[in-house]
>>> print(open('target_33.txt').read())   # compact mmCIF, C-alpha atoms
# COMPACT_ATOMS: atom_id res chain seq x y z
CA MET A 1200 -3.74 -24.41 -40.78
CA THR A 1201 -4.19 -25.95 -37.33
CA THR A 1202 -5.79 -23.72 -34.71
CA THR A 1203 -4.58 -24.11 -31.13
CA PRO A 1204 -7.54 -24.60 -28.78
CA PRO A 1205 -7.93 -21.93 -26.10
CA ILE A 1206 -6.74 -22.48 -22.56
CA LYS A 1207 -9.89 -23.23 -20.57
CA LEU A 1208 -10.03 -21.69 -17.09
CA VAL A 1209 -12.30 -21.80 -14.05
CA LEU A 1210 -11.87 -19.01 -11.48
CA VAL A 1211 -12.69 -19.32 -7.78
CA ASP A 1212 -12.49 -16.17 -5.66
CA ASP A 1213 -15.06 -14.99 -3.13
CA HIS A 1214 -14.57 -11.27 -3.88
CA SER A 1215 -16.93 -10.50 -6.75
CA LEU A 1216 -15.07 -7.39 -7.91
CA VAL A 1217 -11.74 -9.21 -8.02
CA ARG A 1218 -13.34 -12.22 -9.68
CA GLN A 1219 -14.96 -10.15 -12.42
CA GLY A 1220 -11.83 -8.10 -13.00
CA LEU A 1221 -9.69 -11.23 -13.27
CA ALA A 1222 -12.16 -12.85 -15.62
CA ASP A 1223 -12.12 -9.77 -17.85
CA LEU A 1224 -8.32 -9.63 -17.79
CA LEU A 1225 -7.80 -13.28 -18.69
CA SER A 1226 -10.55 -13.25 -21.31
CA ARG A 1227 -8.63 -10.52 -23.11
CA GLY A 1228 -5.49 -12.66 -23.05
CA ALA A 1229 -5.02 -14.29 -26.45
CA GLY A 1230 -5.79 -17.98 -26.39
CA MET A 1231 -7.64 -18.03 -23.07
CA GLN A 1232 -11.26 -18.76 -22.28
CA VAL A 1233 -12.85 -18.32 -18.85
CA MET A 1234 -15.45 -21.09 -18.73
CA ALA A 1235 -16.96 -20.20 -15.36
CA THR A 1236 -16.39 -18.24 -12.16
CA THR A 1237 -17.65 -18.67 -8.63
CA GLY A 1238 -17.15 -17.27 -5.19
CA ARG A 1239 -18.41 -20.41 -3.48
CA ALA A 1240 -16.18 -23.35 -2.73
CA ASP A 1241 -19.10 -25.78 -2.80
CA GLU A 1242 -19.81 -24.91 -6.44
CA THR A 1243 -16.28 -25.69 -7.57
CA PHE A 1244 -16.74 -29.46 -7.86
CA ALA A 1245 -19.68 -29.18 -10.25
CA LEU A 1246 -17.95 -26.53 -12.36
CA LEU A 1247 -14.83 -28.66 -12.78
CA GLU A 1248 -16.87 -31.69 -13.74
CA LYS A 1249 -18.94 -29.70 -16.23
CA HIS A 1250 -16.22 -27.68 -17.95
CA ARG A 1251 -13.10 -29.87 -17.55
CA PRO A 1252 -10.78 -26.82 -17.55
CA ASP A 1253 -7.07 -26.88 -18.23
CA LEU A 1254 -6.44 -24.87 -15.07
CA LEU A 1255 -8.26 -23.90 -11.91
CA ILE A 1256 -7.29 -20.41 -10.71
CA LEU A 1257 -7.88 -20.43 -6.96
CA ASP A 1258 -7.77 -17.83 -4.20
CA LEU A 1259 -6.77 -18.87 -0.69
CA ARG A 1260 -8.72 -16.53 1.56
CA MET A 1261 -12.35 -17.56 1.15
CA ALA A 1262 -15.22 -18.12 3.55
CA PRO A 1263 -16.31 -20.43 4.99
CA THR A 1264 -13.86 -22.88 3.30
CA ASP A 1265 -10.39 -21.59 2.51
CA GLY A 1266 -8.53 -22.45 -0.66
CA ILE A 1267 -6.23 -25.01 0.96
CA ALA A 1268 -9.17 -26.93 2.43
CA LEU A 1269 -10.92 -26.83 -0.94
CA LEU A 1270 -7.81 -28.09 -2.73
CA LYS A 1271 -7.48 -30.97 -0.25
CA ALA A 1272 -11.13 -31.87 -0.81
CA LEU A 1273 -10.66 -31.85 -4.59
CA ARG A 1274 -7.69 -34.19 -4.39
CA GLU A 1275 -9.49 -36.52 -1.99
CA LYS A 1276 -12.30 -36.81 -4.53
CA GLY A 1277 -9.79 -37.72 -7.23
CA ILE A 1278 -10.12 -34.41 -9.10
CA ASP A 1279 -6.65 -33.71 -10.46
CA THR A 1280 -7.25 -30.48 -12.37
CA PRO A 1281 -4.00 -28.46 -12.29
CA VAL A 1282 -4.26 -25.54 -9.89
CA VAL A 1283 -2.65 -22.11 -9.86
CA ILE A 1284 -3.03 -20.18 -6.63
CA LEU A 1285 -3.60 -16.44 -7.08
CA THR A 1286 -3.62 -14.69 -3.73
CA MET A 1287 -2.40 -11.79 -1.63
CA SER A 1288 -1.05 -14.16 1.01
CA GLU A 1289 2.69 -14.52 1.45
CA ALA A 1290 2.25 -16.39 4.75
CA ALA A 1291 4.78 -19.19 5.16
CA GLU A 1292 2.17 -21.75 6.12
CA ASP A 1293 0.07 -20.98 3.04
CA LEU A 1294 3.03 -21.25 0.70
CA ALA A 1295 4.16 -24.55 2.16
CA ALA A 1296 0.68 -26.06 2.26
CA ALA A 1297 -0.02 -25.15 -1.37
CA LEU A 1298 3.27 -26.59 -2.59
CA ARG A 1299 2.81 -29.82 -0.74
CA LEU A 1300 -0.59 -30.25 -2.36
CA GLY A 1301 1.12 -30.17 -5.75
CA VAL A 1302 -0.14 -26.87 -7.15
CA ARG A 1303 1.08 -25.90 -10.62
CA GLY A 1304 1.88 -22.39 -9.43
CA TYR A 1305 1.65 -19.74 -6.74
CA LEU A 1306 1.08 -16.16 -7.94
CA LEU A 1307 0.39 -12.91 -6.12
CA LYS A 1308 -2.41 -10.49 -6.89
CA ASP A 1309 -0.03 -7.53 -6.87
CA MET A 1310 1.86 -8.87 -9.89
CA GLU A 1311 1.65 -6.96 -13.14
CA PRO A 1312 -1.37 -8.11 -15.18
CA ALA A 1313 0.80 -9.06 -18.15
CA ASP A 1314 3.00 -11.18 -15.88
CA VAL A 1315 -0.03 -13.00 -14.48
CA ILE A 1316 -1.21 -13.79 -18.03
CA ASP A 1317 2.24 -15.03 -19.05
CA ALA A 1318 2.53 -17.17 -15.92
CA ILE A 1319 -0.87 -18.77 -16.46
CA ARG A 1320 0.03 -19.55 -20.07
CA ALA A 1321 3.24 -21.18 -18.84
CA ALA A 1322 1.33 -23.20 -16.24
CA ALA A 1323 -1.04 -24.42 -18.94
CA ARG A 1324 2.02 -25.72 -20.83
CA GLY A 1325 2.96 -27.77 -17.78
CA GLU A 1326 5.60 -25.45 -16.40
CA LEU A 1327 6.03 -24.53 -12.75
CA VAL A 1328 5.18 -20.88 -12.06
CA VAL A 1329 5.97 -18.91 -8.92
CA ALA A 1330 5.80 -15.19 -8.27
CA PRO A 1331 9.41 -13.97 -8.55
CA SER A 1332 9.15 -11.97 -5.33
CA ILE A 1333 8.50 -15.09 -3.23
CA ALA A 1334 10.73 -17.67 -4.93
CA GLY A 1335 13.37 -17.31 -2.23
CA LYS A 1336 10.81 -17.64 0.55
CA LEU A 1337 9.39 -20.80 -1.02
CA ALA A 1338 12.84 -22.33 -1.16
CA ALA A 1339 13.51 -21.44 2.45
CA ILE A 1340 10.21 -22.98 3.58
CA LEU A 1341 10.78 -26.24 1.74
CA GLN A 1342 14.38 -26.52 2.85
CA GLY A 1343 13.75 -25.48 6.44
CA GLY A 1344 14.80 -27.79 9.23
CA GLU A 1345 17.20 -29.96 7.26
CA GLU A 1346 20.45 -30.95 8.92
CA PRO A 1347 23.73 -29.92 7.24
CA GLY A 1348 24.80 -32.55 4.75
CA SER A 1349 21.33 -34.05 4.32
CA ALA A 1350 21.03 -32.72 0.78
CA ALA A 1351 24.25 -34.47 -0.19
CA ALA A 1352 23.00 -37.71 1.35
CA LEU A 1353 19.76 -37.51 -0.63
CA VAL A 1354 21.55 -36.69 -3.87
CA LYS A 1355 23.78 -39.74 -3.54
CA GLN A 1356 20.68 -41.88 -4.03
CA LEU A 1357 20.00 -40.45 -7.50
CA THR A 1358 21.32 -42.02 -10.68
CA GLY A 1359 23.05 -39.90 -13.32
CA ARG A 1360 19.91 -39.89 -15.47
CA GLU A 1361 17.76 -38.88 -12.50
CA ARG A 1362 20.07 -35.96 -11.75
CA GLN A 1363 19.83 -34.89 -15.38
CA ILE A 1364 16.03 -35.04 -15.37
CA LEU A 1365 15.89 -33.20 -12.05
CA GLY A 1366 17.85 -30.41 -13.70
CA TYR A 1367 15.20 -30.13 -16.40
CA VAL A 1368 12.44 -30.18 -13.76
CA ALA A 1369 14.22 -27.32 -11.96
CA ALA A 1370 14.17 -25.38 -15.23
CA GLY A 1371 10.38 -25.68 -15.30
CA MET A 1372 10.15 -28.14 -18.19
CA SER A 1373 7.17 -30.49 -18.51
CA ASN A 1374 7.57 -34.26 -18.80
CA LYS A 1375 6.74 -34.03 -22.50
CA ALA A 1376 9.45 -31.43 -23.08
CA ILE A 1377 11.99 -33.46 -21.10
CA ALA A 1378 11.17 -36.58 -23.12
CA LYS A 1379 11.74 -34.69 -26.36
CA ALA A 1380 15.02 -33.18 -25.13
CA LEU A 1381 16.41 -36.56 -24.05
CA GLY A 1382 14.94 -38.65 -26.85
CA ILE A 1383 13.09 -40.97 -24.47
CA SER A 1384 9.42 -41.76 -23.97
CA HIS A 1385 7.01 -39.68 -21.91
CA ASP A 1386 6.25 -42.71 -19.71
CA THR A 1387 9.97 -43.20 -19.02
CA VAL A 1388 10.27 -39.61 -17.84
CA LYS A 1389 7.21 -40.03 -15.59
CA LEU A 1390 8.80 -43.12 -14.04
CA HIS A 1391 12.07 -41.29 -13.43
CA VAL A 1392 10.23 -38.37 -11.82
CA ARG A 1393 8.36 -40.74 -9.50
CA HIS A 1394 11.68 -42.30 -8.46
CA ILE A 1395 13.22 -38.86 -7.90
CA LEU A 1396 10.34 -37.74 -5.67
CA ALA A 1397 10.52 -40.97 -3.67
CA LYS A 1398 14.28 -40.74 -3.16
CA LEU A 1399 14.18 -37.07 -2.17
CA GLY A 1400 11.15 -37.55 0.07
CA GLN A 1401 9.23 -34.89 -1.86
CA SER A 1402 5.51 -34.94 -2.65
CA SER A 1403 5.45 -32.74 -5.75
CA ARG A 1404 7.49 -31.55 -8.72
CA VAL A 1405 7.55 -28.05 -7.24
CA GLU A 1406 9.27 -29.27 -4.09
CA ALA A 1407 11.77 -31.26 -6.13
CA ALA A 1408 12.45 -28.26 -8.36
CA VAL A 1409 13.09 -25.97 -5.39
CA PHE A 1410 15.39 -28.61 -3.87
CA ALA A 1411 17.34 -28.76 -7.13
CA VAL A 1412 17.64 -24.98 -7.47
CA GLN A 1413 18.95 -24.69 -3.92
CA ASN A 1414 21.37 -27.60 -4.31
CA ARG A 1415 22.77 -27.16 -7.81
CA ALA A 1416 26.35 -27.42 -6.57
CA VAL A 1417 25.64 -30.71 -4.80
CA LEU A 1418 23.75 -32.07 -7.80
CA GLY A 1419 26.35 -30.93 -10.29
CA ILE A 1420 23.69 -29.66 -12.68
CA ASP A 1421 23.37 -26.51 -14.74
CA LYS A 1422 20.36 -25.03 -16.42
CA PRO A 1423 19.60 -27.06 -19.57
>>> encode(input="target_33.txt", output="structure tokens")
Amino acid sequence: MTTTPPIKLVLVDDHSLVRQGLADLLSRGAGMQVMATTGRADETFALLEKHRPDLLILDLRMAPTDGIALLKALREKGIDTPVVILTMSEAAEDLAAALRLGVRGYLLKDMEPADVIDAIRAAARGELVVAPSIAGKLAAILQGGEEPGSAAALVKQLTGRERQILGYVAAGMSNKAIAKALGISHDTVKLHVRHILAKLGQSSRVEAAVFAVQNRAVLGIDKP
């Protein structure tokens, strides 16, 4: 019988009580393993290199380097570990900045513990996870400032297959799951997603997913 390896996590939060409590909570979650924790941004690089986690769980409000600055630094160094933000902040600028840096998810610390565990498991599977209470705000941020009709103009650039794949992305499916559903290769799906992002002018799957959810009528897609 094949045993599924645990989801490896690294936690970064500068409040020791919160950090320890979160580590205890996630360690009790079946199939999870907290490899390391730190409250210092400058220790994050070494921990990611050492443990190679499946997910980095990152707070935003840290001193002296905040979570967004740390995430930018990680990406500039070529460290592409998937990141889930876990924060108290619902500030519009924080939400937008995190999404545009391609985070795997954005969760709030006032969520129910079981919901946090479920969301992190989903993120580890490659799904997009967002706290339900802020999904509407995220959509509004990402869609803000667009002229009427611009969504339709962008959608016209997409092929039928790209619209179909965008529908799956909006449903939170990973590239692997989309490939299986459509009977095509994983690399083909990746190529389609790159084309979709380029045509929509988006920098991440999360942005594309929010665009799709808010423009289902224009896209002519339903949930798979």
>>> atom_distance(input="target_33.txt", atom1="atom CA of A:Pro1312", atom2="atom CA of A:Glu1326")
18.7 Å
>>> residues_around(input="target_33.txt", residues="A:Ala1222", least_positions_apart="3", cutoff="9 Å", atoms="all atoms listed in the file", output="PDB file with C-alpha atoms, in the coordinates of the input")
ATOM      1  CA  LEU A1210     -11.870 -19.010 -11.480  1.00  0.00           C
ATOM      2  CA  VAL A1217     -11.740  -9.210  -8.020  1.00  0.00           C
ATOM      3  CA  ARG A1218     -13.340 -12.220  -9.680  1.00  0.00           C
ATOM      4  CA  GLN A1219     -14.960 -10.150 -12.420  1.00  0.00           C
ATOM      5  CA  LEU A1225      -7.800 -13.280 -18.690  1.00  0.00           C
ATOM      6  CA  SER A1226     -10.550 -13.250 -21.310  1.00  0.00           C
ATOM      7  CA  ARG A1227      -8.630 -10.520 -23.110  1.00  0.00           C
ATOM      8  CA  GLN A1232     -11.260 -18.760 -22.280  1.00  0.00           C
ATOM      9  CA  VAL A1233     -12.850 -18.320 -18.850  1.00  0.00           C
ATOM     10  CA  ALA A1235     -16.960 -20.200 -15.360  1.00  0.00           C
ATOM     11  CA  THR A1236     -16.390 -18.240 -12.160  1.00  0.00           C
TER      12      THR A1236
END
>>> closest_residue(input="target_33.txt", among="A:Val1417, A:Ala1296, A:Ile1364, A:Leu1357", to="A:Asp1265", atoms="only C-alpha atoms")
A:Ala1296
>>> atom_distance(input="target_33.txt", atom1="atom CA of A:Ser1215", atom2="atom CA of A:Thr1286")
14.3 Å
>>> closest_residue(input="target_33.txt", among="A:Lys1271, A:His1214, A:Lys1276, A:Lys1398", to="A:Arg1239", atoms="only C-alpha atoms")
A:His1214
>>> residues_around(input="target_33.txt", residues="A:Leu1300", least_positions_apart="5", cutoff="10 Å", atoms="all atoms listed in the file", output="PyMOL selection string")
chain A and resi 1267+1270-1271+1274+1282+1295+1402-1403+1405
>>> atom_distance(input="target_33.txt", atom1="atom CA of A:Ala1323", atom2="atom CA of A:Ile1256")
11.1 Å
>>> closest_residue(input="target_33.txt", among="A:Pro1331, A:Gly1238, A:Gly1419, A:Gly1366", to="A:Leu1306", atoms="all atoms listed in the file")
A:Pro1331
